[in-house]
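Raw contents of coords-v9.cif, mmCIF, C-alpha atoms and all ligand atoms:
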```cif
data_data
#
loop_
_atom_site.label_atom_id
_atom_site.label_comp_id
_atom_site.auth_asym_id
_atom_site.auth_seq_id
_atom_site.Cartn_x
_atom_site.Cartn_y
_atom_site.Cartn_z
CA MET Z 1 0.00 0.00 0.00
CA ASN Z 2 1.16 3.52 -0.68
CA ASP Z 3 0.67 6.46 1.72
CA LYS Z 4 -2.50 7.59 -0.02
CA GLN Z 5 -4.05 4.13 0.31
CA ILE Z 6 -3.06 3.90 3.97
CA THR Z 7 -4.72 7.25 4.69
CA GLN Z 8 -7.86 6.23 2.83
CA LEU Z 9 -8.02 2.92 4.67
CA GLU Z 10 -7.55 4.61 8.03
CA LEU Z 11 -10.04 7.45 7.44
CA ASP Z 12 -12.62 5.99 5.05
CA GLY Z 13 -12.21 2.32 5.96
CA TYR Z 14 -12.08 0.93 2.43
CA LEU Z 15 -9.95 0.60 -0.72
CA LEU Z 16 -10.80 -0.38 -4.28
CA LEU Z 17 -8.00 -2.33 -5.95
CA LYS Z 18 -8.18 -2.25 -9.74
CA ASN Z 19 -7.55 -5.11 -12.19
CA VAL Z 20 -6.56 -7.75 -9.66
CA VAL Z 21 -8.06 -10.60 -11.71
CA SER Z 22 -7.14 -11.23 -15.35
CA THR Z 23 -9.76 -11.86 -18.03
CA THR Z 24 -8.84 -15.55 -18.22
CA GLU Z 25 -9.07 -15.97 -14.46
CA LEU Z 26 -12.46 -14.25 -14.47
CA ILE Z 27 -13.74 -16.67 -17.09
CA ASN Z 28 -12.46 -19.63 -15.07
CA LEU Z 29 -13.84 -18.36 -11.77
CA ARG Z 30 -17.28 -17.63 -13.20
CA ALA Z 31 -17.36 -21.05 -14.88
CA ARG Z 32 -16.43 -22.81 -11.62
CA LEU Z 33 -19.12 -20.94 -9.69
CA GLU Z 34 -21.78 -21.68 -12.31
CA LYS Z 35 -20.87 -25.38 -12.19
CA LEU Z 36 -21.17 -25.36 -8.39
CA TRP Z 37 -24.53 -23.58 -8.55
CA GLU Z 38 -25.74 -26.21 -10.99
CA GLU Z 39 -24.46 -29.10 -8.86
CA GLU Z 40 -25.64 -27.76 -5.49
CA GLY Z 41 -29.08 -26.59 -6.68
CA GLN Z 42 -31.42 -25.53 -3.88
CA ALA Z 43 -28.84 -26.42 -1.23
CA ALA Z 44 -26.28 -23.90 -2.50
CA GLY Z 45 -25.04 -21.75 0.36
CA ILE Z 46 -26.62 -23.89 3.07
CA GLU Z 47 -23.36 -24.32 5.02
CA ASN Z 48 -23.55 -20.63 5.93
CA TYR Z 49 -27.06 -19.40 5.15
CA ILE Z 50 -29.62 -19.12 2.38
CA GLU Z 51 -30.57 -15.59 1.33
CA PRO Z 52 -33.95 -15.27 -0.44
CA ASP Z 53 -33.72 -14.46 -4.19
CA ILE Z 54 -29.91 -14.43 -4.06
CA ARG Z 55 -27.63 -17.19 -5.35
CA ARG Z 56 -25.01 -17.96 -2.74
CA LEU Z 57 -22.28 -20.57 -2.33
CA ALA Z 58 -20.36 -21.25 0.87
CA ASN Z 59 -17.10 -22.89 1.96
CA LEU Z 60 -15.37 -22.21 -1.34
CA ALA Z 61 -12.01 -23.12 0.20
CA ASN Z 62 -13.25 -26.72 -0.04
CA LYS Z 63 -14.42 -26.42 -3.60
CA GLY Z 64 -11.35 -26.09 -5.76
CA ASN Z 65 -7.76 -24.87 -5.69
CA ILE Z 66 -8.86 -22.06 -8.00
CA PHE Z 67 -10.05 -20.27 -4.85
CA ILE Z 68 -6.70 -20.41 -3.00
CA LYS Z 69 -5.40 -17.33 -4.77
CA ILE Z 70 -8.57 -15.49 -3.79
CA TYR Z 71 -8.28 -15.96 -0.05
CA SER Z 72 -4.47 -15.80 0.13
CA HIS Z 73 -3.75 -12.97 -2.32
CA ALA Z 74 -0.72 -11.05 -0.99
CA ASP Z 75 -2.06 -7.55 -1.79
CA ILE Z 76 -5.34 -8.25 -0.05
CA LEU Z 77 -3.69 -9.89 2.97
CA GLU Z 78 -1.46 -6.84 3.36
CA ILE Z 79 -4.59 -4.71 3.77
CA VAL Z 80 -6.31 -7.22 6.03
CA GLU Z 81 -3.25 -7.37 8.28
CA PHE Z 82 -3.05 -3.59 8.38
CA VAL Z 83 -6.62 -3.54 9.69
CA MET Z 84 -6.43 -6.47 12.14
CA GLY Z 85 -2.79 -7.20 12.83
CA PRO Z 86 -0.84 -10.29 11.74
CA GLU Z 87 -3.03 -12.99 13.32
CA ILE Z 88 -5.87 -13.36 10.84
CA ARG Z 89 -8.19 -16.18 9.87
CA LEU Z 90 -10.49 -16.68 6.91
CA SER Z 91 -13.98 -17.09 8.34
CA MET Z 92 -16.24 -17.32 5.29
CA LEU Z 93 -15.45 -17.61 1.60
CA ASN Z 94 -18.74 -17.24 -0.22
CA ALA Z 95 -20.04 -16.45 -3.64
CA ARG Z 96 -22.95 -14.04 -3.93
CA ASP Z 97 -24.90 -13.39 -7.10
CA VAL Z 98 -27.70 -10.84 -7.30
CA PRO Z 99 -29.53 -12.31 -10.31
CA PRO Z 100 -31.04 -10.14 -13.05
CA GLN Z 101 -34.00 -7.98 -11.96
CA THR Z 102 -33.93 -9.24 -8.41
CA GLY Z 103 -32.60 -8.72 -4.91
CA ALA Z 104 -33.79 -6.31 -2.28
CA ILE Z 105 -31.96 -3.58 -0.48
CA MET Z 106 -30.04 -5.18 2.37
CA PRO Z 107 -30.08 -3.65 5.83
CA TYR Z 108 -26.93 -1.83 6.86
CA HIS Z 109 -24.67 -4.12 8.88
CA CYS Z 110 -21.05 -4.70 9.88
CA ASP Z 111 -19.18 -7.96 9.41
CA THR Z 112 -18.61 -8.29 13.14
CA ASP Z 113 -21.03 -8.57 16.04
CA ASN Z 114 -18.27 -8.06 18.54
CA ALA Z 115 -16.69 -4.90 19.86
CA THR Z 116 -17.25 -2.03 17.47
CA LYS Z 117 -13.98 -0.33 18.19
CA GLN Z 118 -10.31 -0.98 17.75
CA ASP Z 119 -8.32 -2.43 20.65
CA GLU Z 120 -4.55 -2.76 21.05
CA LEU Z 121 -4.43 -5.62 18.50
CA GLY Z 122 -6.47 -3.85 15.84
CA PHE Z 123 -9.98 -4.18 14.48
CA ASN Z 124 -11.96 -7.45 14.52
CA ALA Z 125 -12.96 -8.01 10.92
CA CYS Z 126 -12.07 -7.25 7.32
CA THR Z 127 -13.83 -8.20 4.09
CA ALA Z 128 -12.81 -8.41 0.45
CA ILE Z 129 -15.46 -8.35 -2.28
CA TRP Z 130 -14.03 -9.75 -5.52
CA MET Z 131 -16.08 -8.37 -8.38
CA LEU Z 132 -16.65 -11.01 -11.05
CA ASP Z 133 -19.00 -8.78 -13.03
CA ASP Z 134 -18.92 -5.00 -13.31
CA PHE Z 135 -20.49 -3.38 -10.23
CA THR Z 136 -22.78 -0.47 -11.15
CA VAL Z 137 -25.40 1.62 -9.39
CA GLU Z 138 -28.02 -0.14 -11.54
CA ASN Z 139 -26.92 -3.75 -10.95
CA GLY Z 140 -26.53 -3.67 -7.19
CA ALA Z 141 -23.04 -2.38 -6.41
CA THR Z 142 -22.38 -2.41 -2.66
CA ARG Z 143 -23.28 0.66 -0.59
CA LEU Z 144 -20.96 1.72 2.22
CA VAL Z 145 -20.62 4.62 4.67
CA PRO Z 146 -17.02 5.89 4.54
CA GLY Z 147 -15.55 6.41 8.00
CA SER Z 148 -18.26 4.36 9.75
CA HIS Z 149 -15.65 1.94 11.14
CA LEU Z 150 -14.84 4.80 13.53
CA PHE Z 151 -18.45 5.38 14.66
CA GLU Z 152 -18.04 2.85 17.52
CA ALA Z 153 -21.60 1.63 17.01
CA LEU Z 154 -23.25 -1.06 14.96
CA PRO Z 155 -25.83 0.17 12.43
CA LYS Z 156 -28.64 -1.38 14.51
CA GLU Z 157 -27.50 0.82 17.39
CA GLY Z 158 -26.93 3.98 15.36
CA LEU Z 159 -29.68 3.98 12.73
CA GLN Z 160 -33.46 4.19 12.99
CA ASP Z 161 -33.98 2.68 9.55
CA LEU Z 162 -31.35 0.17 8.43
CA TYR Z 163 -32.73 0.18 4.88
CA ALA Z 164 -32.73 3.94 4.31
CA VAL Z 165 -30.14 5.79 2.23
CA HIS Z 166 -27.50 7.11 4.62
CA PRO Z 167 -26.60 10.78 4.01
CA LYS Z 168 -22.92 9.89 3.73
CA GLU Z 169 -23.28 6.62 1.79
CA ILE Z 170 -21.39 5.89 -1.39
CA ILE Z 171 -22.07 3.17 -3.92
CA VAL Z 172 -18.83 1.45 -4.85
CA GLU Z 173 -18.81 0.93 -8.59
CA GLY Z 174 -16.02 -1.10 -10.15
CA GLN Z 175 -15.12 -3.36 -13.03
CA ALA Z 176 -15.01 -7.13 -13.16
CA GLY Z 177 -11.60 -8.04 -11.74
CA ASP Z 178 -11.52 -5.22 -9.16
CA VAL Z 179 -11.56 -5.96 -5.43
CA LEU Z 180 -13.26 -3.84 -2.77
CA VAL Z 181 -11.54 -4.35 0.59
CA PHE Z 182 -13.05 -2.78 3.68
CA ASN Z 183 -12.70 -2.70 7.42
CA GLY Z 184 -15.37 -5.13 8.66
CA HIS Z 185 -16.63 -2.50 11.10
CA CYS Z 186 -17.67 -0.29 8.15
CA TRP Z 187 -21.42 -0.01 7.67
CA HIS Z 188 -22.28 -1.57 4.32
CA ALA Z 189 -25.04 -3.45 2.49
CA GLY Z 190 -25.95 -5.12 -0.78
CA ARG Z 191 -28.39 -3.55 -3.21
CA PRO Z 192 -30.95 -4.79 -5.80
CA ASN Z 193 -30.04 -5.60 -9.38
CA ASN Z 194 -32.27 -3.72 -11.84
CA THR Z 195 -30.49 -4.93 -14.97
CA ASP Z 196 -30.70 -8.04 -17.14
CA GLY Z 197 -27.20 -9.25 -16.23
CA HIS Z 198 -25.82 -11.05 -13.19
CA ARG Z 199 -23.90 -9.32 -10.41
CA ARG Z 200 -21.56 -12.05 -9.17
CA ALA Z 201 -18.90 -11.69 -6.51
CA ILE Z 202 -16.78 -13.72 -4.13
CA LEU Z 203 -16.87 -12.45 -0.55
CA ALA Z 204 -13.84 -13.29 1.57
CA HIS Z 205 -14.50 -12.58 5.24
CA TYR Z 206 -11.55 -12.45 7.61
CA LEU Z 207 -11.69 -12.34 11.40
CA ARG Z 208 -8.88 -11.75 13.85
CA ALA Z 209 -7.61 -15.09 15.16
CA ASP Z 210 -8.61 -14.41 18.76
CA ILE Z 211 -12.22 -13.52 17.87
CA PRO Z 212 -14.54 -16.52 18.35
CA HIS Z 213 -15.75 -17.96 15.05
CA ALA Z 214 -19.26 -19.40 15.01
CA ASP Z 215 -19.44 -22.85 13.51
CA ASN Z 216 -21.08 -21.59 10.32
CA ARG Z 217 -18.43 -18.90 10.01
CA ARG Z 218 -15.49 -21.14 9.31
CA GLN Z 219 -14.47 -23.44 6.50
CA HIS Z 220 -14.78 -27.12 7.32
CA ILE Z 221 -11.73 -28.47 5.58
CA PRO Z 222 -11.60 -32.27 5.12
CA PRO Z 223 -8.21 -33.99 5.62
CA GLU Z 224 -7.65 -34.64 1.90
CA ILE Z 225 -7.94 -30.92 1.11
CA ALA Z 226 -5.87 -29.92 4.15
CA ALA Z 227 -3.07 -32.21 2.93
CA SER Z 228 -2.86 -30.32 -0.36
CA LEU Z 229 -2.46 -26.87 1.22
CA GLY Z 230 0.66 -24.84 1.95
CA GLU Z 231 1.56 -23.51 5.40
CA GLN Z 232 0.12 -20.04 4.79
CA GLU Z 233 -3.24 -21.43 3.68
CA LYS Z 234 -3.36 -23.80 6.67
CA GLU Z 235 -2.73 -20.91 9.02
CA LEU Z 236 -5.36 -18.72 7.35
CA LEU Z 237 -7.87 -21.53 7.62
CA GLY Z 238 -7.04 -22.09 11.29
CA LEU Z 239 -5.92 -25.66 10.69
CA ASN Z 240 -2.97 -25.25 13.04
CA ASP Z 241 -5.17 -23.87 15.83
CA GLN Z 242 -5.95 -26.04 18.86
O1 LIG I 1 -22.86 -8.31 -2.13
C1 LIG I 1 -22.77 -7.20 -1.61
O2 LIG I 1 -22.81 -6.15 -2.23
C2 LIG I 1 -22.65 -7.11 -0.10
C3 LIG I 1 -23.07 -8.36 0.58
C4 LIG I 1 -23.01 -8.29 2.06
O3 LIG I 1 -22.79 -7.28 2.66
C5 LIG I 1 -23.22 -9.53 2.80
O4 LIG I 1 -23.49 -10.57 2.21
O5 LIG I 1 -23.13 -9.46 4.06
#
```

Re-express the file's structure as structure tokens.
Ligand SMILES: O=C(O)CCC(=O)C(=O)O
Amino acid sequence: MNDKQITQLELDGYLLLKNVVSTTELINLRARLEKLWEEEGQAAGIENYIEPDIRRLANLANKGNIFIKIYSHADILEIVEFVMGPEIRLSMLNARDVPPQTGAIMPYHCDTDNATKQDELGFNACTAIWMLDDFTVENGATRLVPGSHLFEALPKEGLQDLYAVHPKEIIVEGQAGDVLVFNGHCWHAGRPNNTDGHRRAILAHYLRADIPHADNRRQHIPPEIAASLGEQEKELLGLNDQ
């Protein structure tokens, strides 16, 4: 990260990294996700949760080595570690598609239910949204309140209407291959897709290692997959934890 990025991350709580994924990788990632959606059918996403009208997939770390470079990408981990310190774990690795002409406005939320402020180790949570299609105002690009990671309150504590437009909100538009990384304490939410195309993304959620992870907020890695992973991936997935 350069100085400008560090300042933006500290003050606004988010960064948009451009062109992280090549065209070929995008084609391969989308194809893998579509195959999984076809195979998993109605059960897709069940390991974490089902979201009405939205196509989700969960536990992607178990579903192909193609996803390793998503959750262990050096540029993204640098940002995640800046936010939370060096001891980080991947909690969820999900796909989320807002299908054409569907989806509802999501309530504002943070990606942590724990303390809403920084302690001596750092913040609790950090999220990377990998855009697999262009993100536009019309197709449901994520909304986010810059600086809200410093509000020291969850949206449900600070807002009367979690669905309303926040006066300071921005809608983060980007191109397929860009990655939005934000402090998990930032107030954010998904939006509806009013176009005829898909709005697909992979959401990588990281939590600090000492923050308790609910059972549906961790990857359940079977031994045969664990055996194929490098040390960094094992650590990120908490496989070396007691
Ligand atoms: O897909 C998005 O734009 C945001 C999704 C989100 O915030 C969530 O799934 O918790």

With range 198-222 of chain Z as the partner and 7 Å as the cut-off, tabulate the residues of range 38-75 of chain Z that qualify, each row holding the nearest pair of atoms and their distance in Å to one decimal, using all atoms listed in the file, sorted by chain and rising number, as a tab-separated table.
```
residue	atom	partner	partner_atom	distance
Z:Glu47	CA	Z:Asn216	CA	6.4
Z:Asn48	CA	Z:Asn216	CA	5.1
Z:Asn59	CA	Z:Gln219	CA	5.3
Z:Ala61	CA	Z:Gln219	CA	6.8
Z:Asn62	CA	Z:Ile221	CA	6.1
Z:Tyr71	CA	Z:Ala204	CA	6.4
```

Could you write those residues out with C-alpha atoms, as a PDB file, in the frame of the given file?
```
ATOM      1  CA  GLU Z  47     -23.360 -24.320   5.020  1.00  0.00           C
ATOM      2  CA  ASN Z  48     -23.550 -20.630   5.930  1.00  0.00           C
ATOM      3  CA  ASN Z  59     -17.100 -22.890   1.960  1.00  0.00           C
ATOM      4  CA  ALA Z  61     -12.010 -23.120   0.200  1.00  0.00           C
ATOM      5  CA  ASN Z  62     -13.250 -26.720  -0.040  1.00  0.00           C
ATOM      6  CA  TYR Z  71      -8.280 -15.960  -0.050  1.00  0.00           C
TER       7      TYR Z  71
END
```

Close residues to ligand LIG 1 (chain I) using all atoms listed in the file, limit 8 Å, as a PyMOL selection string | chain Z and resi 96-98+106+109-111+129+140-143+188-191+201+203

How many Å lie between CA of Gln5 in chain Z and CA of Ala164 in chain Z, rounded to one decimal?
-> 29.0 Å

Rank Z:Gln118, Z:Thr102, Z:Thr112, Z:Thr24 by their smallest atom-to-atom distance to Thr195 in chain Z, using all atoms listed in the file, and report the top residue only.
->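 Between Z:Gln118, Z:Thr102, Z:Thr112, Z:Thr24, the residue approaching Thr195 in chain Z most closely is Z:Thr102.
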
Residue with smallest distance to Asn2 in chain Z - pool Z:Glu157, Z:Glu78, Z:Glu169, Z:Asp53, counting all atoms listed in the file =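 For Asn2 in chain Z, the nearest of the candidates is Z:Glu78.
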
So how far away is CA of Ile46 in chain Z from CA of Val137 in chain Z, in Å?
-> 28.4 Å

Shell of 12 Å around Glu38 in chain Z, all atoms listed in the file, local chain residues under 5 positions omitted, as a PDB file with C-alpha atoms, in the coordinates of the input:
```
ATOM      1  CA  ALA Z  31     -17.360 -21.050 -14.880  1.00  0.00           C
ATOM      2  CA  ARG Z  32     -16.430 -22.810 -11.620  1.00  0.00           C
ATOM      3  CA  LEU Z  33     -19.120 -20.940  -9.690  1.00  0.00           C
ATOM      4  CA  ALA Z  43     -28.840 -26.420  -1.230  1.00  0.00           C
ATOM      5  CA  ALA Z  44     -26.280 -23.900  -2.500  1.00  0.00           C
ATOM      6  CA  ARG Z  55     -27.630 -17.190  -5.350  1.00  0.00           C
ATOM      7  CA  ARG Z  56     -25.010 -17.960  -2.740  1.00  0.00           C
ATOM      8  CA  LEU Z  57     -22.280 -20.570  -2.330  1.00  0.00           C
TER       9      LEU Z  57
END
```

Shell of 8 Å around range 173-181 of chain Z, all atoms listed in the file, local chain residues under 6 positions omitted, as a VMD selection string = chain Z and resid 14 to 23 26 76 79 126 to 137 141 to 142

Work out how far CA of Ile88 in chain Z is from CA of Leu229 in chain Z, in Å to one decimal.
->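 The value is 16.9 Å.
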
With all atoms listed in the file as the basis for distance, which of Z:Gly103, Z:Pro223, Z:Leu11, Z:Arg89 is at the shortest distance from Cys186 in chain Z?
->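 Once distances to Cys186 in chain Z are computed over all atoms listed in the file, the minimum belongs to Z:Leu11.
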
Pick from Z:Ile54, Z:Val172, Z:Ala226, Z:Leu29 nearest to Ala104 in chain Z, counting all atoms listed in the file |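 Looking only at the distances to Ala104 in chain Z, the closest residue turns out to be Z:Ile54.
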
Using only C-alpha atoms: which of Z:Gly13, Z:Gly184, Z:Pro146, Z:Pro99 has the shortest distance to Gly197 in chain Z |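 The closest residue to Gly197 in chain Z is Z:Pro99.
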
Point out the residue among Z:Lys234, Z:His166, Z:Lys156, Z:Lys63 with the least atom-to-atom distance to Leu36 in chain Z, counting all atoms listed in the file.
->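 Closest to Leu36 in chain Z of all the choices is Z:Lys63.
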